[in-house]
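Worksheet for the structure shown next.
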2 protein chains.
Amino acid sequence: MPPLLTFLNHCVFEATLLTRVSFPPPQVDATTKANSGHPGAPMGLAPTAHVLFNKFMNFNPKNPDWVNRDRFVLSNGHGCMLQYALLHLFGYPVSLDDLKNFRQVDSITPGHPEAHDTPGIEVTTGPLGQGFSNAVGLAIAQAHTAAVFNKPGFNLIDNYTYCIFGDGCAMEGIASEAASTAGHLQLGNLICLYDDNHISIDGDTNVAFTEDVLKRFEAYGWHTLTVGDGNHDLPGIEAAIQKAKEVKDKPSVIKVTTIIGFGSKLQGTGGVHGNPLKADDGKNVKSLFGFDPEQSFVVPQQVYDLYHKKAAEGAAKEQEWNALLQQYASKYPAEHADFTRRLSGKLPEGWEKALPRYSPSDAAVASRKLSESVLEKIHNIIPELLSGSADLTGSNNTRWKEAVDFQPPSTGLGEWSGRYIRYGVREHAMAGIMNGLAAYGTVIPAGGTFLNFVSYAAGAVRLSALSQVRAIYIATHDSIGLGEDGPTHQPIETLAHFRALPNMMVWRPADGNETSAAYYSALTSRHTPSILALTRQNLPQLEASSIEKAIRGGYVVLDAANANLTIVSSGSEVSLCIDAAKYLKEKHNVVARVVSIPCFEVFDTQDKDYRLSVIPDGIPSLSVEVMSTLGWERYSHEQFGLNRFGASGPYKEVYKKFDFTPEGISKRAIATVDFYKGVPVRSPLNRAFQQII
Amino acid sequence: MPPLLTFLNHCVFEATLLTRVSFPPPQVDATTKANSGHPGAPMGLAPTAHVLFNKFMNFNPKNPDWVNRDRFVLSNGHGCMLQYALLHLFGYPVSLDDLKNFRQVDSITPGHPEAHDTPGIEVTTGPLGQGFSNAVGLAIAQAHTAAVFNKPGFNLIDNYTYCIFGDGCAMEGIASEAASTAGHLQLGNLICLYDDNHISIDGDTNVAFTEDVLKRFEAYGWHTLTVGDGNHDLPGIEAAIQKAKEVKDKPSVIKVTTIIGFGSKLQGTGGVHGNPLKADDGKNVKSLFGFDPEQSFVVPQQVYDLYHKKAAEGAAKEQEWNALLQQYASKYPAEHADFTRRLSGKLPEGWEKALPRYSPSDAAVASRKLSESVLEKIHNIIPELLSGSADLTGSNNTRWKEAVDFQPPSTGLGEWSGRYIRYGVREHAMAGIMNGLAAYGTVIPAGGTFLNFVSYAAGAVRLSALSQVRAIYIATHDSIGLGEDGPTHQPIETLAHFRALPNMMVWRPADGNETSAAYYSALTSRHTPSILALTRQNLPQLEASSIEKAIRGGYVVLDAANANLTIVSSGSEVSLCIDAAKYLKEKHNVVARVVSIPCFEVFDTQDKDYRLSVIPDGIPSLSVEVMSTLGWERYSHEQFGLNRFGASGPYKEVYKKFDFTPEGISKRAIATVDFYKGVPVRSPLNRAFQQII
């Protein structure tokens with residue numbers, strides 16, 4: 001049995017014991033029991049993970065939230081049984097029964113790791129490339145938090161971020177973007193281990209992936225290392241990680257060449273990537289590693305002892321750290337107060353008083369500028385807010401005047417304590433990095449791009465929602481109102497897309513007060529991300545708007561007795577609808593109420609009486625929004641929108657082309673009133689049963 | 001004026017004249033007139049484009065569709081005035097008036113180049129990184145078409161693909177993915193020119209982008225070259241392109257260092273990137289390049305003469321080629337017939353007879369397997385069909401048994417004539433490459449991934465729709481029905497997203513006949529892409545389904561006299577709804593009709609009488625689909641769906657958890673019937689006015 005011999009020859013006994021003895025059985029058993037899952041990566045990565053967790057990582061399983069813990073991200077999240085097994089062995093609240101419930105409904109061991117489900121899982125991974133970008137975000141957050149809070153003699157924050165990624169992640173564009181960003185930012189606190197096992201679902205990676213990965217990372221400015229035999233060379237893995245830690249001005253990537261499914265009869269093939277081992281192969285693995293092949297889910301006590309010893313060391317480290325924090329509290333009470341407040345997730349008392357308020361006599365302003373005004377007012381009050389843009393700073397208006405860039409000080413372009421991130425033209429990595437930033441616990445990320453290009457980031461935005469982080473997408477140029485850039489840049493489907501995404505608040509404010517309300521809601525929703533859809537063009541300040549009304553998600557902006565219909569709208573079309581209401585009254589003696597719904601998701605959470613007071617029974621309603629009508633059927637009987645691509649031209653001309661004028665709206669309003677004449681009308685909010693949400 | 005002197009010193013007179021004299025004025029004038037647009041890139045790139053188009057490219061402005069033309073892609077599409085100016089000078093049907101209408105409504109010169117709008121524009125670009133991936137697709141299509149049709153003495157297809165891209169494209173993940181793919185595929189027919197001008201919207205690229213781009217491309221396996229002074233060194237540009245053409249086994253990238261907005265007072269700064277030149281600066285540029293600063297939109301006759309001479313050479317080349325094609329026709333009539341048929345966009349006569357048909361006694365089969373059966377049946381009949389997958393071949397079932405991979409023959413893994421593309425884990429590049437493949441004119445691309453990860457490709461999928469190409473996305477594992485992989489992989493918002501996208505057909509077939517119908521529709525829709533959402537789990541063959549019914553997009557699968565309600569559904573839930581109808585009748589004496597709507601977009605195009613026969617007036621309707629309900633309000637009064645994330649577990653358990661069982665559906669059906677009791681009910685298809693589509 002040559003692999004076993006080599007293994008024995010090269011490994012430290014203790015490590016051998018653990019990687020051979022403990023990891024394979026739980027993960028082999030669990031994937032076999034579920035008849036589903038990916039045993040290959042966990043088995044190939046067991047030695048690497050063993051060395052990393054036991055020799056380097058600082059963490060306390062009794063307090064998975066300790067802020068200065070080292071962070072671990074398994075970017076190839078399909079290998080999560082590796083993580084679950086580790087969590088179990090170290091004494092996190094993940095039991096053998098939890099492992100047995102792998103991939104079962106309502107277990108804490110789902111098919112891919114989910115941060116809000118399982119203690120000790122930092123970020124939700126599985127969709128390839130995401131974890132890698134999250135790790136970059138975690139490392140940025142560490143560098144920033146250290147720069148803000150550390151003081152001479154108080155190295156409060158000095159954790160590392162470790163990330164394992166595989167060939168799949170290496171192929172994904174989001175990881176390329178994030179790696180280029182991390183290289184630029186010289187993130188010496190980030191150490192990534194590339195599981196070079198040459199296998200992906202299609203088999204040997206040589207069918208599609210023959211690039212020189214390390215050379216590419218060198219081009220990005222990374223420090224690169226290799227471990228030729230990740231199956232046996234545990235000292236080599238240890239030495240490489242040690243060297244990586246010593247390089248402080250570059251992120252490090254260690255290529256660890258492994259055999260996928262190490263120990264299985266199918267090791268080194270695609271057959272062990274995504275399918276559980278056959279029963280006889282599972283027995284074979286157990287025998288090979290010195291186990292009783294007939295027993296399942298058995299971990300020897302000496303394994304627990306060793307892992308628990310490491311866990312106890314972590315607990316002691318946290319205790320030391322807590323003592324340091326206490327000293328810090330007395331020496332730097334203001335910083336300490338800020339630090340602990342941030343960790344609590346609460347914003348500074350009374351911060352909301354800084355939100356700008358507007359009255360109708362104030363000038364018409366584009367909501368992207370209104371957003372900038374909010375940032376100008378609150379950035380000093382909410383120091384944990386980190387803004388940024390995917391290379392559209394001047395267009396997104398995401399940067400307050402006095403902002404300092406987050407940059408390596410050596411570049412002369414900024415500071416680690418800087419709060420403005422230049423993401424480059426990398427929307428997807430921006431969102432993935434924001435998820436990592438938010439997961440760290442001491443910062444709130446906001447990032448800008450055009451609304452249309454939030455779609456480039458859809459994979460990561462989805463994970464903002466699923467992993468319940470407070471991330472704020474500042475999405476400007478939100479419609480055909482961007483004008484000349486034309487159809488390639490004019491969102492049509494985008495709002496429908498994100499309105500359909502669970503746990504995502506899509507805000508489309510109509511004026512200054514609504515923009516403030518959007519920020520209020522986004523910043524106070526600790527477990528829900530937000531997209532703020534903002535205009536390029538100027539918007540008048542509405543008569544009836546207020547922050548208080550708008551934070552209900554929907555409200556009446558123009559009321560009228562004996563109305564013939566309700567017009568519901570959002571953002572830039574609300575003032576147009578108010579004009580249309582005037583036109584309808586003057587020219588056609590039709591009385592229209594106008595409702596603004598800046599946020600579907602928030603409006604839906606209001607009590608039914610309130611919602612029915614906004615869109616009442618008895619009269620029909622018409623929605624007006626210059627994009628896909630999909631979804632507006634929830635709030636209206638008839639929809640006026642744009643179920644085609646836009647046009648390139650000055651925005652007023654484009655609005656006219658598609659009939660979005662007081663006249664054009666009135667035409668549809670009259671058609672609606674006529675269509676419902678003599679028909680008893682129920683509000684679209686009246687429903688037969690409750691949805692599953 | 002040193003730049004001018006350097007310019008004069010280094011340039012061939014003719015080239016100097018053209019680049020100095022002709023390009024800047026139209027593009028300077030046009031962007032100034034529109035008070036919008038991006039003059040910087042066109043001005044900096046004029047010398048490069050001049051050399052490329054005049055010295056290398058083969059094309060005939062009188063026939064922009066000549067299949068063996070060299071392809072040009074401006075990936076930094078915001079610089080489209082460069083392309084429009086070139087098209088005008090060469091005599092394409094783009095007039096000076098068209099240039100004057102730059103970025104005006106209904107012009108053929110929109111803010112970003114759109115393939116279906118403007119003769120001579122190959123692909124729709126602007127969203128960064130897309131054009132680069134399209135270029136890779138065009139190059140693959142060329143290599144494949146050449147391998148299929150070229151014969152000894154008949155080099156029918158030997159065109160090159162040239163692509164200019166800027167720093168923005170270089171930062172985008174999609175371009176990284178595509179570059180890695182192109183390197184792997186050794187595409188020697190692809191030559192990319194990297195406009196290294198160090199400026200993006202945020203200013204100097206050193207704020208975010210400090211990687212070594214050429215080293216990265218080397219890592220991908222590209223041949224790399226540099227031109228140090230792209231503003232003046234026209235012979236250097238020429239020599240580099242020449243060298244690139246000589247390397248046949250690698251794609252080439254030439255880094256051309258340029259000054260953005262060359263000639264402007266703001267040259268080399270972000271100020272000239274996205275803003276038109278000020279009036280005095282425009283005059284300054286004209287004076288600098290020897291023009292009358294007071295005149296606008298004036299092109300000297302000698303410039304036209306020179307460019308038209310090149311155009312005439314192109315026309316002559318096409319004539320030669322046509323003669324060659326005629327000889328080919330007589331020597332290889334079958335190949336010639338296939339070739340010309342493909343170019344016509346028509347499928348082989350009677351191909352649809354090969355589509356599998358099913359009857360209720362046939363076994364239950366997953367629709368991803370049904371899709372595979374279609375591919376098995378049609379791949380020999382439709383030789384232009386190129387399939388592939390983003391590393392999910394065995395899961396997407398996209399590869400027919402006898403398929404040969406598209407690979408460089410030297411790898412031993414396939415052939416240039418191979419029809420199966422291994423895209424790697426690169427969903428976004430896959431879609432961008434498919435857009436390029438479809439644009440070439442001789443192939444129809446189909447590409448697979450999980451439905452959830454079509455979202456990674458959203459930027460490119462949007463452009464499939466906007467640029468009206470026949471691309472087919474095979475999107476398997478389409479719901480919570482994928483089971484154990486869990487919420488990270490279970491689409492909730494995805495169908496709503498793409499149903500809201502104009503010119504996109506989203507098919508979610510319920511059985512074998514509907515799967516065949518989906519393929520029928522996708523393959524015969526020459527200007528509309530399709531997403532086929534397919535199950536992992538088995539589906540029974542429906543009693544009432546047929547290809548003919550399903551190609552109408554929606555039809556009755558279970559009719560009943562005196563029905564109390566209509567249940568509308570799609571895909572895997574249709575058979576569940578039929579079960580629910582039986583349950584309703586047996587347990588509650590409620591009579592339900594059941595309707596399958598496999599494709600909203602196609603159903604919407606049916607005549608109103610037909611649609612109302614499917615979802616009639618008089619009884620309420622309930623939709624059932626295990627994902628976001630957003631959009632189903634168009635076809636139903638009440639919606640049963642999943643407006644939250646899914647769960648990891650065996651799929652039947654997951655369905656049960658969320659109440660998607662005959663009992664669960666019945667509960668909602670009864671609530672719906674009760675809610676509408678005594679209320680006159682209009683079909684949701686009855687609308688007050690026509691939507692803008």
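Residue numbers start at 1 in each chain; chains themselves are named A, B, ... in the order of the structure tokens; ligands are numbered from 1 in the order shown.
With only C-alpha atoms taken into account, the protein and nucleic acid residues at most 12 Å from region 324-329 of chain B (excluding it and anything under 5 positions from it in its own chain) are Trp66, Val67, Asn68, Phe149, Asn150, Lys151, Pro152, Gly153, Phe154, Asn155, Leu156, Ile157, Lys317, Glu318, Gln319, Ala334, Glu335, His336, Ala337, Asp338, Phe339 and Thr340 of chain B.
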Using only C-alpha atoms, determine which residues lie at most 8 Å from Gly120 (chain A), disregarding the query and same-chain residues fewer than 4 positions distant; provide the list as a VMD selection string. chain A and resid 61 64 87 92 115
Proximity to Cys192 (chain A) - best of A:Ile597, A:Ser545, A:Ile241, A:Asp478, only C-alpha atoms: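 Smallest separation from Cys192 (chain A) among the options: A:Ile241.
Taking only C-alpha atoms, the non-local environment of His88 (chain A) within 9 Å (same-chain residues fewer than 6 positions away omitted) comprises A:Val94, A:Ser95, A:Leu96, A:Asp98, A:Leu99.
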Would you mind exporting the chosen residues as a tab-separated table (two decimals), in the first residue's frame, restricted to C-alpha atoms?
chain	number	residue	atom	x	y	z
A	94	VAL	CA	-21.85	20.69	15.93
A	95	SER	CA	-22.57	17.17	17.16
A	96	LEU	CA	-22.07	13.78	15.56
A	98	ASP	CA	-25.51	17.00	13.18
A	99	LEU	CA	-22.94	15.34	10.96
Contacts of Pro360 (chain A) at 10 Å or less, counting only C-alpha atoms, minus same-chain residues fewer than 2 places along, as a PyMOL selection string? chain A and resi 358+362-364+511-512+540-545
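Every residue of region 257-385 of chain A with a DSSP assignment of strand (DSSP E), taken from the backbone, is listed as Thr257, Val365, Ala366 and Leu385 of chain A.
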For all heavy atoms, I'd like the residues from the last selection saved as a PDB file, in the first residue's frame.
ATOM      1  N   THR A 257      -0.502  20.748  -3.951  1.00  0.00           N
ATOM      2  CA  THR A 257      -0.948  19.711  -4.880  1.00  0.00           C
ATOM      3  C   THR A 257      -1.435  18.500  -4.090  1.00  0.00           C
ATOM      4  O   THR A 257      -0.713  17.968  -3.249  1.00  0.00           O
ATOM      5  CB  THR A 257       0.190  19.344  -5.843  1.00  0.00           C
ATOM      6  OG1 THR A 257       0.565  20.535  -6.543  1.00  0.00           O
ATOM      7  CG2 THR A 257      -0.265  18.294  -6.849  1.00  0.00           C
ATOM      8  N   VAL A 365     -33.082  67.774  -7.310  1.00  0.00           N
ATOM      9  CA  VAL A 365     -31.737  67.185  -7.248  1.00  0.00           C
ATOM     10  C   VAL A 365     -31.826  65.713  -7.655  1.00  0.00           C
ATOM     11  O   VAL A 365     -32.801  65.033  -7.322  1.00  0.00           O
ATOM     12  CB  VAL A 365     -31.166  67.281  -5.803  1.00  0.00           C
ATOM     13  CG1 VAL A 365     -29.744  66.719  -5.741  1.00  0.00           C
ATOM     14  CG2 VAL A 365     -31.192  68.719  -5.277  1.00  0.00           C
ATOM     15  N   ALA A 366     -30.816  65.255  -8.362  1.00  0.00           N
ATOM     16  CA  ALA A 366     -30.768  63.824  -8.713  1.00  0.00           C
ATOM     17  C   ALA A 366     -30.615  63.003  -7.442  1.00  0.00           C
ATOM     18  O   ALA A 366     -29.891  63.403  -6.523  1.00  0.00           O
ATOM     19  CB  ALA A 366     -29.594  63.551  -9.650  1.00  0.00           C
ATOM     20  N   LEU A 385     -18.998  53.054   8.563  1.00  0.00           N
ATOM     21  CA  LEU A 385     -19.448  53.029   7.170  1.00  0.00           C
ATOM     22  C   LEU A 385     -18.246  53.138   6.238  1.00  0.00           C
ATOM     23  O   LEU A 385     -17.497  54.123   6.282  1.00  0.00           O
ATOM     24  CB  LEU A 385     -20.424  54.187   6.926  1.00  0.00           C
ATOM     25  CG  LEU A 385     -21.098  54.247   5.566  1.00  0.00           C
ATOM     26  CD1 LEU A 385     -22.017  53.043   5.355  1.00  0.00           C
ATOM     27  CD2 LEU A 385     -21.897  55.545   5.428  1.00  0.00           C
TER      28      LEU A 385
END
Kindly give the distance, in Å, that separates CA of Gly631 (chain A) and CA of Val556 (chain B), rounded to a single decimal. 24.3 Å
In terms of the shortest atom-to-atom distance over only C-alpha atoms, which of B:Asn538, B:Ser521, B:Ser683, B:Thr393 is closest to chain A? B:Thr393
Skipping near chain neighbours, those fewer than 2 positions away, what residues fall within 9 Å of Ser371 (chain A) using only C-alpha atoms, listed as a PyMOL selection string? chain A and resi 366-369+373-376+396-398+474+512+515-516+519+532+534
Can I get the selection written as a short mmCIF file (atom, residue, chain, number, x, y, z; two decimals), in the first residue's frame, with N, CA and C atoms?
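Wrote it out as again.cif, contents follow:
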data_model
loop_
_atom_site.label_atom_id
_atom_site.label_comp_id
_atom_site.auth_asym_id
_atom_site.auth_seq_id
_atom_site.Cartn_x
_atom_site.Cartn_y
_atom_site.Cartn_z
N ALA A 366 -30.82 65.26 -8.36
CA ALA A 366 -30.77 63.82 -8.71
C ALA A 366 -30.62 63.00 -7.44
N SER A 367 -31.25 61.84 -7.41
CA SER A 367 -31.18 61.07 -6.15
C SER A 367 -29.77 60.52 -5.91
N ARG A 368 -28.95 60.39 -6.94
CA ARG A 368 -27.55 60.02 -6.67
C ARG A 368 -26.84 61.13 -5.90
N LYS A 369 -27.23 62.39 -6.16
CA LYS A 369 -26.67 63.52 -5.41
C LYS A 369 -27.28 63.58 -4.00
N SER A 373 -25.42 63.55 -0.42
CA SER A 373 -25.68 64.45 0.71
C SER A 373 -25.87 63.66 2.01
N VAL A 374 -26.54 62.52 1.90
CA VAL A 374 -26.68 61.68 3.09
C VAL A 374 -25.30 61.26 3.58
N LEU A 375 -24.48 60.78 2.66
CA LEU A 375 -23.14 60.32 3.06
C LEU A 375 -22.34 61.46 3.69
N GLU A 376 -22.46 62.65 3.13
CA GLU A 376 -21.76 63.81 3.70
C GLU A 376 -22.19 64.05 5.14
N ASN A 396 -21.41 57.75 -9.36
CA ASN A 396 -22.21 57.18 -8.27
C ASN A 396 -22.33 58.14 -7.08
N ASN A 397 -21.44 59.14 -7.04
CA ASN A 397 -21.44 60.09 -5.92
C ASN A 397 -21.34 59.37 -4.57
N THR A 398 -20.45 58.43 -4.52
CA THR A 398 -20.30 57.60 -3.33
C THR A 398 -19.23 58.10 -2.37
N ILE A 474 -25.21 50.99 -3.80
CA ILE A 474 -25.61 52.30 -4.29
C ILE A 474 -25.63 52.22 -5.81
N GLY A 512 -35.70 63.69 -1.95
CA GLY A 512 -34.73 63.76 -0.86
C GLY A 512 -35.16 63.04 0.40
N THR A 515 -34.96 59.42 -0.07
CA THR A 515 -33.57 58.95 -0.10
C THR A 515 -33.04 58.79 1.33
N SER A 516 -33.38 59.77 2.17
CA SER A 516 -33.00 59.64 3.59
C SER A 516 -33.65 58.42 4.22
N TYR A 519 -31.83 55.25 3.29
CA TYR A 519 -30.63 55.06 4.11
C TYR A 519 -30.99 54.65 5.54
N LEU A 532 -30.04 50.54 -3.39
CA LEU A 532 -30.66 51.86 -3.54
C LEU A 532 -30.56 52.25 -5.01
N LEU A 534 -30.96 54.75 -7.81
CA LEU A 534 -30.91 56.22 -7.78
C LEU A 534 -30.80 56.79 -9.19
#
Which residues are near Leu234 (chain A)? Cut-off 7 Å, only C-alpha atoms, ignore same chain within fewer than 3 positions. Put them as a PyMOL selection string. chain A and resi 11+47+51+237-238
Preceding selection exported with C-alpha atoms as an mmCIF file, in the first residue's frame:
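What landed in part27.cif:
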data_model
loop_
_atom_site.group_PDB
_atom_site.id
_atom_site.type_symbol
_atom_site.label_atom_id
_atom_site.label_comp_id
_atom_site.auth_asym_id
_atom_site.auth_seq_id
_atom_site.Cartn_x
_atom_site.Cartn_y
_atom_site.Cartn_z
ATOM 1 C CA CYS A 11 4.155 12.760 8.482
ATOM 2 C CA PRO A 47 -3.871 17.176 5.806
ATOM 3 C CA VAL A 51 -2.029 21.695 9.755
ATOM 4 C CA ILE A 237 2.474 22.659 4.415
ATOM 5 C CA GLU A 238 3.464 24.053 7.794
#
Residue neighbourhood Lys656 (chain B), 12 Å, only C-alpha atoms, exclusion window fewer than 3 positions, as number ranges by chain: A: 105; B: 480-481, 483, 576, 626, 646-647, 649-653, 659-665
Filtering to N, CA and C atoms, could you give me those residues as a CSV table (one decimal), in the first residue's frame?
chain,number,residue,atom,x,y,z
A,105,VAL,N,-33.1,18.2,5.7
A,105,VAL,CA,-33.9,19.4,5.9
A,105,VAL,C,-33.8,19.8,7.4
B,480,ILE,N,-35.9,24.3,-6.1
B,480,ILE,CA,-35.6,23.5,-4.8
B,480,ILE,C,-35.6,22.0,-5.1
B,481,GLY,N,-36.1,21.6,-6.3
B,481,GLY,CA,-36.1,20.2,-6.7
B,481,GLY,C,-34.7,19.7,-6.8
B,483,GLY,N,-32.7,19.7,-4.5
B,483,GLY,CA,-32.5,19.0,-3.2
B,483,GLY,C,-31.3,19.4,-2.4
B,576,LEU,N,-47.8,17.8,-10.3
B,576,LEU,CA,-48.2,18.0,-9.0
B,576,LEU,C,-49.6,18.6,-8.9
B,626,VAL,N,-42.5,26.6,-7.6
B,626,VAL,CA,-41.8,26.6,-6.3
B,626,VAL,C,-40.7,27.6,-6.2
B,646,GLY,N,-34.7,28.4,-0.2
B,646,GLY,CA,-35.1,27.0,0.0
B,646,GLY,C,-34.4,26.4,1.2
B,647,ALA,N,-34.2,25.1,1.0
B,647,ALA,CA,-33.6,24.3,2.1
B,647,ALA,C,-32.8,23.1,1.5
B,649,GLY,N,-31.9,19.3,1.5
B,649,GLY,CA,-32.4,18.0,1.9
B,649,GLY,C,-32.9,17.3,0.6
B,650,PRO,N,-33.2,16.0,0.8
B,650,PRO,CA,-33.8,15.3,-0.3
B,650,PRO,C,-35.0,16.0,-0.9
B,651,TYR,N,-35.1,16.1,-2.2
B,651,TYR,CA,-36.1,17.1,-2.8
B,651,TYR,C,-37.5,16.8,-2.3
B,652,LYS,N,-37.9,15.6,-2.1
B,652,LYS,CA,-39.3,15.4,-1.7
B,652,LYS,C,-39.5,15.9,-0.3
B,653,GLU,N,-38.5,15.9,0.5
B,653,GLU,CA,-38.6,16.5,1.8
B,653,GLU,C,-38.7,18.0,1.7
B,659,ASP,N,-44.8,22.8,1.7
B,659,ASP,CA,-46.2,22.5,1.5
B,659,ASP,C,-46.6,22.3,0.0
B,660,PHE,N,-45.6,22.0,-0.8
B,660,PHE,CA,-45.8,21.8,-2.2
B,660,PHE,C,-46.2,20.3,-2.4
B,661,THR,N,-47.4,20.0,-2.0
B,661,THR,CA,-47.9,18.6,-2.1
B,661,THR,C,-49.4,18.8,-2.6
B,662,PRO,N,-50.0,17.7,-3.0
B,662,PRO,CA,-51.4,17.9,-3.4
B,662,PRO,C,-52.3,18.5,-2.4
B,663,GLU,N,-52.0,18.1,-1.1
B,663,GLU,CA,-52.8,18.7,0.0
B,663,GLU,C,-52.5,20.2,0.1
B,664,GLY,N,-51.2,20.6,0.1
B,664,GLY,CA,-50.8,22.0,0.2
B,664,GLY,C,-51.4,22.9,-0.9
B,665,ILE,N,-51.4,22.3,-2.1
B,665,ILE,CA,-52.0,23.1,-3.2
B,665,ILE,C,-53.5,23.2,-3.1
